[in-house]
$ cat start-v1.txt   # compact mmCIF, C-alpha atoms and all ligand atoms
# COMPACT_ATOMS: atom_id res chain seq x y z
CA SER A 11 116.45 64.07 109.52
CA ASP A 12 117.66 65.18 106.11
CA HIS A 13 121.34 64.37 106.58
CA SER A 14 121.20 61.65 103.97
CA LEU A 15 119.75 63.94 101.30
CA ALA A 16 121.90 64.50 98.25
CA TYR A 17 121.75 67.74 96.29
CA PRO A 18 122.84 68.35 92.72
CA ARG A 19 125.72 70.78 92.26
CA SER A 20 123.56 72.58 89.73
CA PRO A 21 120.27 71.96 87.86
CA ALA A 22 122.28 70.42 85.02
CA ASP A 23 123.51 67.71 87.39
CA MET A 24 120.04 66.40 88.16
CA ASP A 25 118.84 63.25 86.47
CA TRP A 26 115.67 64.86 85.14
CA ALA A 27 115.22 62.23 82.43
CA THR A 28 114.46 59.51 84.98
CA LEU A 29 111.81 61.74 86.55
CA TYR A 30 110.25 62.74 83.21
CA PRO A 31 111.10 59.85 80.85
CA ALA A 32 108.69 61.00 78.12
CA TYR A 33 110.73 64.22 77.83
CA ALA A 34 114.20 62.61 77.86
CA VAL A 35 116.49 63.76 75.08
CA GLU A 36 119.90 62.61 74.00
CA GLY A 37 120.65 65.75 72.05
CA GLU A 38 121.53 68.98 73.69
CA SER A 39 118.93 70.53 75.89
CA GLN A 40 118.99 73.95 77.46
CA GLN A 41 120.55 72.39 80.52
CA ALA A 42 123.13 70.40 78.60
CA SER A 43 124.28 73.38 76.58
CA GLU A 44 124.76 75.39 79.74
CA ALA A 45 126.82 72.57 81.16
CA VAL A 46 128.96 72.60 78.02
CA GLU A 47 129.53 76.33 78.37
CA GLU A 48 131.12 75.62 81.73
CA SER A 49 133.68 73.57 79.73
CA THR A 50 133.12 70.35 81.63
CA PRO A 51 135.06 67.21 80.68
CA ALA A 52 133.69 65.25 77.73
CA ASP A 53 132.51 62.32 79.86
CA ASP A 54 130.40 64.56 82.02
CA GLU A 55 128.97 66.13 78.92
CA VAL A 56 127.69 62.82 77.56
CA GLN A 57 126.20 61.88 80.91
CA ARG A 58 124.44 65.22 81.13
CA LYS A 59 122.99 64.89 77.68
CA ILE A 60 121.44 61.58 78.60
CA LYS A 61 120.01 63.01 81.81
CA ALA A 62 118.55 66.03 80.07
CA ILE A 63 114.94 66.75 79.16
CA SER A 64 113.52 68.75 76.30
CA LYS A 65 111.85 71.41 78.41
CA ASN A 66 112.34 72.91 81.83
CA ILE A 67 110.16 72.41 84.90
CA GLU A 68 107.96 75.46 85.35
CA VAL A 69 105.81 74.70 88.36
CA ALA A 70 106.99 73.67 91.84
CA ASP A 71 104.82 72.47 94.72
CA ILE A 72 106.87 73.01 97.86
CA GLY A 73 106.03 70.49 100.61
CA CYS A 74 103.65 68.68 98.26
CA GLY A 75 102.55 66.05 100.79
CA PHE A 76 100.54 63.28 99.13
CA GLY A 77 100.38 65.10 95.80
CA GLY A 78 96.70 66.09 95.55
CA LEU A 79 97.61 69.41 93.94
CA LEU A 80 100.13 67.81 91.56
CA PHE A 81 97.70 65.24 90.23
CA ALA A 82 94.95 67.84 89.80
CA LEU A 83 97.23 70.32 87.98
CA ALA A 84 98.87 67.76 85.66
CA PRO A 85 95.90 67.35 83.25
CA LYS A 86 95.12 71.09 83.39
CA PHE A 87 98.65 72.03 82.24
CA PRO A 88 99.44 69.05 80.01
CA ASP A 89 102.42 70.73 78.35
CA THR A 90 103.96 72.11 81.53
CA LEU A 91 106.38 70.17 83.70
CA ILE A 92 105.36 70.17 87.36
CA LEU A 93 107.54 69.05 90.28
CA GLY A 94 106.52 68.21 93.84
CA MET A 95 109.18 68.53 96.54
CA GLU A 96 108.63 66.72 99.82
CA ILE A 97 110.90 66.06 102.78
CA ARG A 98 109.30 62.85 104.11
CA THR A 99 110.68 59.71 102.46
CA SER A 100 107.56 57.55 102.68
CA VAL A 101 105.32 60.38 101.43
CA THR A 102 107.65 61.04 98.49
CA GLU A 103 107.61 57.33 97.64
CA TYR A 104 103.81 57.30 97.78
CA VAL A 105 103.64 60.19 95.28
CA GLN A 106 106.20 58.52 93.00
CA GLU A 107 104.26 55.24 93.13
CA LYS A 108 101.00 57.00 92.35
CA THR A 109 102.65 58.83 89.44
CA ARG A 110 103.80 55.50 87.99
CA ALA A 111 100.28 54.05 88.34
CA LEU A 112 98.58 57.08 86.75
CA ARG A 113 101.06 57.06 83.87
CA ALA A 114 100.37 53.37 83.26
CA GLN A 115 96.59 53.89 83.39
CA ASN A 116 96.83 56.84 80.99
CA ALA A 117 99.51 55.47 78.67
CA SER A 118 97.39 55.91 75.54
CA THR A 119 97.19 59.67 76.10
CA ASN A 120 100.64 60.13 77.67
CA GLY A 121 98.86 61.47 80.74
CA TYR A 122 100.75 62.44 83.90
CA GLN A 123 104.13 62.33 82.15
CA ASN A 124 104.45 66.00 83.08
CA VAL A 125 104.38 65.46 86.83
CA SER A 126 107.02 64.11 89.20
CA CYS A 127 108.17 64.27 92.80
CA ILE A 128 111.53 64.34 94.55
CA ARG A 129 112.57 64.12 98.15
CA ALA A 130 114.21 67.35 99.20
CA ASN A 131 114.43 69.81 102.02
CA THR A 132 113.34 72.91 100.12
CA MET A 133 114.80 75.13 102.83
CA LYS A 134 118.20 74.11 101.53
CA PHE A 135 119.73 74.60 98.09
CA LEU A 136 116.57 75.38 96.10
CA PRO A 137 118.74 77.19 93.48
CA ASN A 138 120.66 73.92 92.96
CA PHE A 139 117.50 72.47 91.41
CA PHE A 140 116.28 75.40 89.31
CA HIS A 141 117.93 78.04 87.15
CA LYS A 142 117.37 81.70 87.75
CA SER A 143 113.92 82.74 86.44
CA GLN A 144 113.02 79.17 85.50
CA LEU A 145 109.66 78.82 87.27
CA SER A 146 106.35 80.50 86.49
CA ARG A 147 104.46 79.26 89.56
CA ILE A 148 105.39 78.18 93.06
CA PHE A 149 102.79 76.69 95.40
CA LEU A 150 103.10 76.85 99.18
CA CYS A 151 100.00 74.97 100.28
CA PHE A 152 99.21 74.56 103.95
CA PRO A 153 102.82 74.81 105.12
CA ASP A 154 103.54 73.48 108.60
CA PRO A 155 102.55 76.39 110.88
CA HIS A 156 105.29 76.04 113.56
CA PHE A 157 103.12 77.93 116.02
CA LYS A 158 105.64 78.73 118.74
CA GLN A 159 107.72 81.87 118.42
CA ARG A 160 111.00 79.98 118.78
CA LYS A 161 109.94 77.66 115.94
CA HIS A 162 109.18 80.46 113.49
CA LYS A 163 112.60 80.04 111.91
CA ALA A 164 111.40 76.66 110.63
CA ARG A 165 108.67 78.30 108.55
CA ILE A 166 109.15 77.97 104.80
CA VAL A 167 108.43 81.66 104.31
CA SER A 168 111.11 84.06 105.52
CA TYR A 169 113.01 86.97 104.07
CA THR A 170 115.91 84.68 103.09
CA LEU A 171 113.76 81.93 101.59
CA ASN A 172 111.67 84.49 99.73
CA SER A 173 114.89 85.66 98.06
CA GLU A 174 115.41 82.09 96.87
CA TYR A 175 111.85 81.89 95.55
CA ALA A 176 112.49 85.23 93.80
CA TYR A 177 115.67 83.85 92.24
CA VAL A 178 114.04 80.77 90.70
CA LEU A 179 110.82 82.57 89.72
CA ARG A 180 110.64 84.57 86.50
CA PRO A 181 109.39 88.17 86.53
CA GLY A 182 105.59 87.96 86.34
CA GLY A 183 105.65 84.51 87.97
CA ILE A 184 103.36 83.86 90.92
CA VAL A 185 103.77 82.42 94.43
CA TYR A 186 100.47 80.94 95.62
CA THR A 187 99.94 80.51 99.35
CA ILE A 188 97.09 78.96 101.29
CA THR A 189 96.71 78.10 104.97
CA ASP A 190 94.00 77.59 107.55
CA VAL A 191 96.13 79.30 110.22
CA GLN A 192 95.40 83.01 110.22
CA ASP A 193 98.61 83.89 112.08
CA LEU A 194 100.65 82.08 109.41
CA HIS A 195 98.65 83.81 106.66
CA GLU A 196 99.55 87.21 108.19
CA TRP A 197 103.17 86.10 108.50
CA MET A 198 103.38 85.03 104.84
CA LYS A 199 101.70 88.26 103.68
CA GLU A 200 104.02 90.38 105.77
CA HIS A 201 107.18 88.63 104.56
CA PHE A 202 106.25 88.67 100.87
CA GLU A 203 104.88 92.22 100.92
CA LYS A 204 108.02 93.65 102.47
CA HIS A 205 110.27 91.77 100.06
CA PRO A 206 111.32 94.05 97.17
CA SER A 207 110.96 91.27 94.59
CA PHE A 208 107.27 90.61 95.28
CA GLU A 209 103.97 92.45 95.13
CA ARG A 210 100.64 91.17 96.39
CA VAL A 211 98.17 90.19 93.69
CA GLU A 212 94.85 91.29 95.12
CA LYS A 213 92.58 90.22 92.30
CA VAL A 214 93.62 86.66 91.78
CA PHE A 215 90.57 85.96 89.67
CA GLU A 216 91.16 88.49 86.93
CA GLU A 217 93.95 86.78 85.04
CA GLY A 218 93.69 84.05 82.46
CA GLU A 219 96.39 82.21 80.64
CA GLY A 220 95.42 82.56 77.04
CA GLU A 221 93.50 80.22 74.80
CA GLY A 222 91.98 77.37 76.74
CA GLY A 223 94.70 77.54 79.36
CA ALA A 224 94.06 77.22 83.06
CA GLY A 225 94.25 80.67 84.57
CA MET A 226 95.25 81.87 87.95
CA ASP A 227 91.72 81.57 89.32
CA GLU A 228 91.81 77.90 88.36
CA CYS A 229 95.06 77.41 90.27
CA VAL A 230 93.51 79.00 93.34
CA ARG A 231 90.45 76.77 93.03
CA VAL A 232 92.60 73.64 92.73
CA MET A 233 94.70 74.71 95.68
CA ARG A 234 91.58 75.21 97.80
CA THR A 235 89.83 71.98 96.84
CA GLU A 236 92.36 69.38 95.67
CA THR A 237 95.10 69.51 98.31
CA GLU A 238 94.76 66.92 101.07
CA GLU A 239 94.86 69.67 103.67
CA GLY A 240 92.29 71.72 101.76
CA LYS A 241 89.94 68.74 101.86
CA LYS A 242 90.53 68.22 105.56
CA VAL A 243 89.76 71.87 106.32
CA GLU A 244 86.63 71.58 104.18
CA ARG A 245 85.43 68.55 106.17
CA ASN A 246 86.02 70.42 109.42
CA LYS A 247 84.30 73.51 107.99
CA GLY A 248 87.41 75.60 108.71
CA LEU A 249 88.57 78.80 107.03
CA LYS A 250 91.11 78.93 104.22
CA PHE A 251 93.26 82.01 103.71
CA VAL A 252 94.69 82.57 100.22
CA ALA A 253 97.35 85.09 99.19
CA CYS A 254 99.25 85.36 95.90
CA PHE A 255 102.36 87.35 95.11
CA ARG A 256 103.83 88.37 91.78
CA ARG A 257 107.55 88.36 91.13
CA VAL A 258 108.34 91.87 89.96
CA GLU A 259 111.22 92.83 87.67
CA ASP A 260 114.40 93.54 89.58
CA PRO A 261 114.73 97.26 90.16
CA ALA A 262 117.21 98.80 87.71
CA TRP A 263 120.57 99.69 89.23
CA PRO A 264 121.23 103.41 89.25
N1 LIG B 301 100.87 70.76 100.53
C1 LIG B 301 100.17 69.58 101.04
C2 LIG B 301 98.70 69.88 101.20
O1 LIG B 301 98.34 71.05 101.09
O2 LIG B 301 97.92 68.94 101.41
C3 LIG B 301 100.79 69.08 102.34
C4 LIG B 301 100.71 70.03 103.51
S1 LIG B 301 101.47 69.39 104.99
C5 LIG B 301 100.72 70.25 106.29
C6 LIG B 301 103.11 70.11 104.90
C7 LIG B 301 104.06 69.24 104.10
O3 LIG B 301 105.30 69.93 103.92
C8 LIG B 301 104.37 67.93 104.78
O4 LIG B 301 104.15 66.87 103.87
C9 LIG B 301 105.84 68.06 105.16
O5 LIG B 301 106.52 66.82 105.20
C10 LIG B 301 106.35 68.99 104.10
N2 LIG B 301 107.56 69.75 104.46
C11 LIG B 301 107.77 70.39 105.63
N3 LIG B 301 108.98 71.00 105.61
C12 LIG B 301 109.53 70.74 104.39
C13 LIG B 301 110.77 71.07 103.78
N4 LIG B 301 111.68 71.82 104.43
N5 LIG B 301 111.01 70.63 102.53
C14 LIG B 301 110.10 69.87 101.89
N6 LIG B 301 108.91 69.52 102.42
C15 LIG B 301 108.62 69.95 103.65
$ encode --input "start-v1.txt" --output "structure tokens"
Amino acid sequence: SDHSLAYPRSPADMDWATLYPAYAVEGESQQASEAVEESTPADDEVQRKIKAISKNIEVADIGCGFGGLLFALAPKFPDTLILGMEIRTSVTEYVQEKTRALRAQNASTNGYQNVSCIRANTMKFLPNFFHKSQLSRIFLCFPDPHFKQRKHKARIVSYTLNSEYAYVLRPGGIVYTITDVQDLHEWMKEHFEKHPSFERVEKVFEEGEGEGGAGMDECVRVMRTETEEGKKVERNKGLKFVACFRRVEDPAWP
């Protein structure tokens, strides 16, 4: 049950500095200055400054499980902050423990400082964690299929949840999905394609990310091979269905 889960009132209320200590700042960050604009009391302001980090999270792995994707992406996007979100307490703790160990092992290069994990039910209050248009990539890797019709409402792709993904994703940002369940693949495609804020990206392999950066094709490769579920499907020689969706600009109001 997630009754004991606490949610920040807004992204500025999260203690991001504890999650990404190498990026902690005492001066004003983007988040702190927004908090100040809301004319919060001075005490709050100081606390927020200490909690702040110098850059925003850009990549979210929703239902990250044991973190295979996170730990594979971290060295590929060394200057990008990546966050895993996982509902199971023990699994979240495992990922946090592994993050600490990898940071210690790679202290000389500051490796893995850009990756972290929190326990959260992502079906609730996602916009409390991220600002509008903050993220450039969202990963939905092997979501629980919830096969039965009456359980479909528990799926992490729905018209309502897609609106939340659209809110936190910047125009041009990408939602990556992968599953070994064809029915769920069709479901995700249907729900993203009919959502006005998304368009299907057919040719996922055509885009790069500039000089030496990991491109979209690389993200798809990592998602296929480095997730725990991806490895399991590989061992069982199962099929993997991939679909990516681009956040389009909001249509102009007449
Ligand atoms: N993404 C990982 C992978 O590809 O190996 C794990 C896939 S596993 C089948 C689905 C994960 O999503 C589980 O770890 C589960 O606890 C998590 N999960 C399910 N519902 C969630 C929710 N509402 N919020 C956060 N995590 C959730």
$ residues_near_ligand --input "start-v1.txt" --ligand "ligand LIG 301 (chain B)" --cutoff "9 Å" --atoms "only C-alpha atoms and all ligand atoms" --output "MDAnalysis selection string"
chainID A and resid 71:79 94:99 101:102 129:134 149:155 164:166 188:189 233:234 236:242
$ atom_distance --input "start-v1.txt" --atom1 "CA of Lys250 in chain A" --atom2 "CA of Thr235 in chain A"
10.2 Å
$ residues_near_point --input "start-v1.txt" --point "(107.8, 76.2, 91.7)" --cutoff "8 Å" --atoms "all atoms listed in the file" --output "ChimeraX atom specification"
/A:68-72,92-93,145-149,175,178-179,185
$ closest_residue --input "start-v1.txt" --among "A:Phe255, A:Tyr33, A:Phe87, A:Tyr169" --to "Ala62 in chain A" --atoms "all atoms listed in the file"
A:Tyr33
$ closest_residue --input "start-v1.txt" --among "A:Ala32, A:Glu196, A:Lys65, A:Glu212" --to "Ala117 in chain A" --atoms "all atoms listed in the file"
A:Ala32
$ closest_residue --input "start-v1.txt" --among "A:Arg110, A:His195, A:Lys247, A:Arg160" --to "Asn124 in chain A" --atoms "all atoms listed in the file"
A:Arg110
$ closest_residue --input "start-v1.txt" --among "A:Asn138, A:Ser143, A:Ser100, A:Thr109" --to "Ser20 in chain A" --atoms "all atoms listed in the file"
A:Asn138
$ atom_distance --input "start-v1.txt" --atom1 "CA of Phe81 in chain A" --atom2 "CA of Val125 in chain A"
7.5 Å
$ closest_residue --input "start-v1.txt" --among "A:Asn246, A:Thr187, A:Asn120, A:Gln144" --to "Arg231 in chain A" --atoms "only C-alpha atoms"
A:Thr187
$ atom_distance --input "start-v1.txt" --atom1 "CA of Ala16 in chain A" --atom2 "CA of Leu80 in chain A"
23.0 Å
$ closest_residue --input "start-v1.txt" --among "A:Arg257, A:Arg245, A:Leu171, A:Lys163" --to "Pro206 in chain A" --atoms "all atoms listed in the file"
A:Arg257
$ residues_around --input "start-v1.txt" --residues "Gln123 in chain A" --least-positions-apart "4" --cutoff "8 Å" --atoms "all atoms listed in the file" --output "ChimeraX atom specification"
/A:30-32,113
